[in-house]
Amino acid sequence: MSLTVPTRKPPTTTEPVFSVSGLWKVFGPKPERVPEDPELGTLTPAELRSRTGCTAAVRDVSFDVRKGEVFVVMGLSGSGKSTLVRCLTRLIEPTAGTIAIDGEDVRAMDKARLRELRRHRAAMVFQHFGLLPHRTVLDNVAYGLEIQGVGKSERRERAAGFIAKVGLEGMEKRRPGQLSGGQRQRVGLARALAVDPEVLLFDEPFSALDPLIRRDMQDEVARLHREEGRTMVFITHDLTEALKLGDRIALMRDGQVVQLGTPEEIVGSPADDYVREFVRDVPREQVMTARRAMRPASAAETAEGPAVRPEATVAEAIEAVARAGTPARVMDKGRCLGVIDHERLLGVVAGVDTTTATPARDDDAAVAAGGRAAGAAPAPKKAAPGRRRQATAPGPRTSPEAV
Amino acid sequence: MATLTIPTSGTGEPRVLRSRAAGKLLLLALLTAVLLPLLDRWGNGSWPHALTVRLDTPLTTASDWVIDNRDSHPLFLYFFGYVSNAVIWAVRAVYLTLLAAGWAGVTAFAALLAWRVAGVRLAAGTAVAFLACGALGMWVPTMQTLALMVVAVLASVVVGALLGLAAGLSDRLDRALRPVLDTMQVLPAFAYLLPVVLVFGIGVPAAVLATVVYAAPPMARLTALGLRGADPEVLEAVESLGATRRQRLLTARIPLARKELLLGLNQTIMMALSMAVIAAVIGAGGLGDRVYQALASVDVGAALAAGIPIVLLAVVLDRVTAAAGDGTTRPRTIGWPYALAVTVAVALAARLLGAPDWPGGWTLGIAEPVNRAVDWMTAHLYSGVPVVGGTADWAGHFTTWVLDPVRDGLQWLPWWSVLLVVAALAWLIGTWRTALTAVLAMAAIGVLGVWEPSLDTLSQVLAAVAVTLVLGFATGIAAARSDRVERALRPVLDVFQTMPQFVYLIPVVALFGVGRAPAVAAAVVYALPAVVRITAQGLRQVDQAALESARSLGATGRQQLWQVQLPLARRALLLAVNQGVVLVLAVVIIGGLVGGGALGYDVAFGLAQGDLATGLVAGAAIVCLGLMLDRVTQPTERRAKKGA
């Protein structure tokens, strides 16, 4: 599994675009009683269904989407992520909770205001594209503008620009049926971009595509994000995709967010066994950063050795250390934040936390205790590196030296 | 996985079915045992008189009232009168336009239209078909039928599309309309004639309105289906872009339903043609009238001369509208302005050359040679052909050995046992709901006092269905198992399925004379294509994985057929039975015009003699019979799907 985390622009501000709190979506008879009743809210999905006949697709979810970030909602099928994203623009009416876009209450909007929101502020890209088969590519891309009442020549001109932007020049006159899956999704992307929305919502946009095309499209989205800095909410069931694109990831299970954090936090300190199982096969050296792997430097070490940026991945640091043969310094604006040596790097790769590393024999006991402790609560924005790590490879390891 | 399903479906399911069926039968038997002493006082023979309601007197009164008040009552003056006048005016306008365009203009326009929507081959076919109509000396009747059709189709499309739009947008209306439309679809065309005659009298308005009532349901059903069947993700995408309801309807739902809408247009046109021909018995004029008059005097040649244009018209209309709806994009051919200009030019040219009407010298009189051939057949093939016997002999034998015993048997059965059999069959195949409807419909026939003729009709239907199913299943299985058979059958089935019911009477009268046997034969021929097609399709659509696994286990062809294909195609086979029954009934009723007797004859008699009461009662009985037969053969799955 090869995976590179592109160097991201950090979000420009921390002001939220979407602010969701206590959101519920319950399907079934008399759904409003489920969020109201604290007892029903704690039941497992199966119990809830047998007790009330309801299914809670989204259970008490809260998060903020910050301006300019790519916010990924990840979960397996049936975890409620697609329902969640549809609740944001009320394509599915939420049962309880609040949603605000730029501070404005979405649930309180009347029809006209909601239409305004859908037309100008949030555009969506769908898993199966949702293109109009009877229209040409050009008219599909211009469709959102047509809905807004933009004149024919103007909307076509603007649409042509976005078609070029997603790399479909020369295909304007084709119909969706004559395009490949990847090309169709480019049309879907161009259609969403054409209305110049504040937020782009992606609902598993690449799940229906071949792996190679999928990678192209992911690069395309990453490029668009780099160029335009548009806020994106991205739904996916593919961890690789989530780690590749996401500034922050909300991991969902059974309608609840089990962990919300940066890719590094998700991989580095999983909140519970479920998340840990999920991220087990991730090549950690490509997700974890130097900042996280470093240790405090002694006075002598700050002076020499190769320099790496704090955002550099461990993989990059490994290369630097291997070339120089000495520990690398983590430098930020000329200041040395810490150093990375062989042990720290190996610890990251092996999934063994070197800060509190103990001899291998004791490792298992520590994991067992840590699993329970960490599983108790989601750990968003946990500043300190994960305290206990599970070894990904079986068998005793050479015990790392204590620091 | 597929391997696993075969043994279970082979052994487990029938036992479950049998036990459930046994339970139903037991319950029915119990019910009968309880009720029988109560029913006993009404006797064991035909439907008891005590339970009959004579509707003749009130109906005659009503009909007389309508006739007396047609020119004075405000309801007629200010509503039906306007409707009637509008229809007459519209049909006349279209008819005069067609005549003004002349044969050359009409042919040119039809060909250009076909070229525009369906390509060059169909354009040539259309031109040839129209010229053939002229050559057979049927130009004027063809134009009469066409004028009536144009008006009826336009009205049907408008009515059907509006109803379909309402049903497509509102769930409640959909639930209310769907059973009505479904039922209208299974009723024989003949049942629609009398109520309109009661209101409008015999004539063109009645014919047009009967046609509209008959032809609008498919348009309504398919419009609703198309609007409801749109890809939900596309609609969601449209909504996510902030479209209003109206924008969503106009830019997404209706364009997405294009295929269904055009299919609806196609079906509406075909049903309108079928009805426009049958409506000859209530004064539609045109080709149907020629066939009707000719059949009344057993003049097969003249009937054929009028029947061939009907078939040509049907095939052309079907192919052109079907091609317009198949969705393939064609290279642009000719713009509408050019097509109109060419038409006008051709019409003017023909007029200037002095031939606006079909030139008399170009007419091909086929009536006489055909009649000579029929006479020869009558002389040589009707009877006494060595070994095989003659066609009239077959008809006679069929009547003596099949139709008579079945009819006598049905009429001999105690009335309650008929109801019991209906209930048992309907319940075994469908649900208790369908069983209840079927029993009530059958009982209504008794109450109407037409028990005996209805059982006569039923006996003809049963005999025809039996023959149809034997032939249809055999042919269908052959077509499903051999590509060559299917390829050979396809064009034949295509043509046979597009022909109006009425036309089938012509060849059977030529072969078998008049009577009940020819009516049955026409019904068999009419219903056969649908049964063959549904059977073959059902067998071919059987899960290939299941078939493959059976083959991998070493099943022979026969074992595959009996143990995998037929059980898995059960739904399709039941649907074939259902369709077969519905289609057979439609033609058996029309068979009343060629000596089939029973209910169809009562309707025709009522119309001919102005005795609307008899006709209306028979019409109501036809409706009940159609309802009963449809419900009895309606598989559970189909109901379940409709309910969803």
# chains A, B, ... in the order shown; residues from 1 in each chain; ligands from 1
$ select_by_dssp --residues "segment 153-402 of chain B" --states "helix (DSSP H, G or I)" --output "ChimeraX atom specification"
/B:153-169,171-186,189-200,204-228,232-240,245-256,258-282,286-296,300-325,336-352,360-362,367-380,391-402
$ interface_residues --of "chain A" --to "chain B" --cutoff "10 Å" --atoms "only C-alpha atoms" --output "short mmCIF file (atom, residue, chain, number, x, y, z; two decimals) with C-alpha atoms, in the first residue's frame"
data_model
loop_
_atom_site.label_atom_id
_atom_site.label_comp_id
_atom_site.auth_asym_id
_atom_site.auth_seq_id
_atom_site.Cartn_x
_atom_site.Cartn_y
_atom_site.Cartn_z
CA ARG A 86 -27.42 14.59 3.27
CA THR A 89 -28.31 20.45 3.27
CA ARG A 90 -31.48 18.74 4.46
CA LEU A 91 -31.75 16.44 1.48
CA ILE A 92 -32.68 14.17 4.36
CA LYS A 111 -37.91 26.56 1.48
CA ALA A 112 -36.59 29.55 -0.42
CA ARG A 113 -33.65 30.04 1.91
CA LEU A 114 -32.83 26.35 1.76
CA ARG A 115 -32.90 26.46 -2.01
CA GLU A 116 -30.55 29.41 -1.84
CA LEU A 117 -28.23 27.33 0.34
CA ARG A 118 -28.29 24.45 -2.11
CA ARG A 119 -27.84 26.70 -5.13
CA HIS A 120 -24.96 28.82 -3.95
CA ARG A 121 -23.36 27.60 -0.78
CA ALA A 122 -23.10 23.81 -0.84
CA ALA A 123 -22.85 21.59 -3.92
CA MET A 124 -22.69 17.84 -3.86
CA VAL A 125 -20.90 15.15 -5.85
CA PHE A 126 -22.60 11.75 -5.84
CA GLN A 127 -21.39 8.18 -5.82
CA HIS A 128 -23.29 7.24 -8.96
CA PHE A 129 -22.79 10.69 -10.47
CA GLY A 130 -26.48 11.65 -10.74
CA LEU A 131 -26.05 13.05 -14.23
CA LEU A 132 -28.98 13.76 -16.52
CA PRO A 133 -28.64 11.17 -19.28
CA HIS A 134 -30.57 13.20 -21.84
CA ARG A 135 -28.25 16.19 -21.67
CA TYR A 143 -27.41 22.59 -15.09
CA GLY A 144 -26.82 24.10 -11.68
CA LEU A 145 -26.53 27.53 -13.28
CA GLU A 146 -29.67 26.89 -15.31
CA ILE A 147 -31.53 26.12 -12.09
CA GLN A 148 -30.31 29.47 -10.77
CA GLY A 188 -20.25 15.58 -11.67
CA ARG A 191 -21.20 20.54 -12.19
CA ALA A 192 -20.65 21.05 -8.49
CA VAL A 195 -22.03 26.96 -9.09
#
$ residues_around --residues "segment 284-298 of chain A" --least-positions-apart "6" --cutoff "7 Å" --atoms "only C-alpha atoms" --output "PyMOL selection string"
chain A and resi 3-5+263-264+310-315+317+330+338-340+344-345+348-349+385
$ residues_around --residues "segment 443-448 of chain B" --least-positions-apart "2" --cutoff "9 Å" --atoms "only C-alpha atoms" --output "list in words"
Ser46, Trp47, Pro48, His49, Leu51, Thr52, Val53, Arg54, Leu55, Trp415, Leu419, Ala438, Val439, Leu440, Ala441, Val450, Trp451, Glu452, Ser454, Val617, Ala618, Ala620, Ala621, Ile622, Cys624 and Leu625 of chain B
$ atom_distance --atom1 "atom CA of Gly606 of chain B" --atom2 "atom CA of Gly619 of chain B"
9.9 Å
$ atom_distance --atom1 "atom CA of Thr391 of chain B" --atom2 "atom CA of Leu410 of chain B"
26.7 Å
$ select_by_dssp --residues "segment 74-278 of chain A" --states "strand (DSSP E or B)" --output "NGL selection string"
:A and (74 or 96-101 or 104-105 or 122-125 or 199-203 or 231-236 or 248-253 or 256-261)
$ closest_residue --among "A:Val70, A:Ala142, A:Val137, A:Leu200" --to "Arg184 of chain A" --atoms "only C-alpha atoms"
A:Val137
$ atom_distance --atom1 "atom CA of Arg540 of chain B" --atom2 "atom CA of Ala480 of chain B"
5.8 Å
$ residues_around --residues "Leu260 of chain A" --least-positions-apart "4" --cutoff "12 Å" --atoms "only C-alpha atoms" --output "ChimeraX atom specification"
/A:61-65,71-75,246-253,256,264-267,269-272,275,377-382
$ residues_around --residues "Ala322 of chain A" --least-positions-apart "6" --cutoff "10 Å" --atoms "only C-alpha atoms" --output "mmCIF file with C-alpha atoms, in the first residue's frame"
data_model
loop_
_atom_site.group_PDB
_atom_site.id
_atom_site.type_symbol
_atom_site.label_atom_id
_atom_site.label_comp_id
_atom_site.auth_asym_id
_atom_site.auth_seq_id
_atom_site.Cartn_x
_atom_site.Cartn_y
_atom_site.Cartn_z
ATOM 1 C CA GLU A 316 11.158 11.304 4.638
ATOM 2 C CA ALA A 328 18.030 14.273 12.177
ATOM 3 C CA ASP A 341 17.027 8.936 15.784
ATOM 4 C CA HIS A 342 16.903 5.303 14.641
#
$ closest_residue --among "B:Val34, B:Ala100, B:Leu403, B:Leu193" --to "Val346 of chain B" --atoms "only C-alpha atoms"
B:Ala100
$ closest_residue --among "A:Arg230, A:Lys152, A:Lys333, A:Arg276" --to "Glu198 of chain A" --atoms "only C-alpha atoms"
A:Arg230
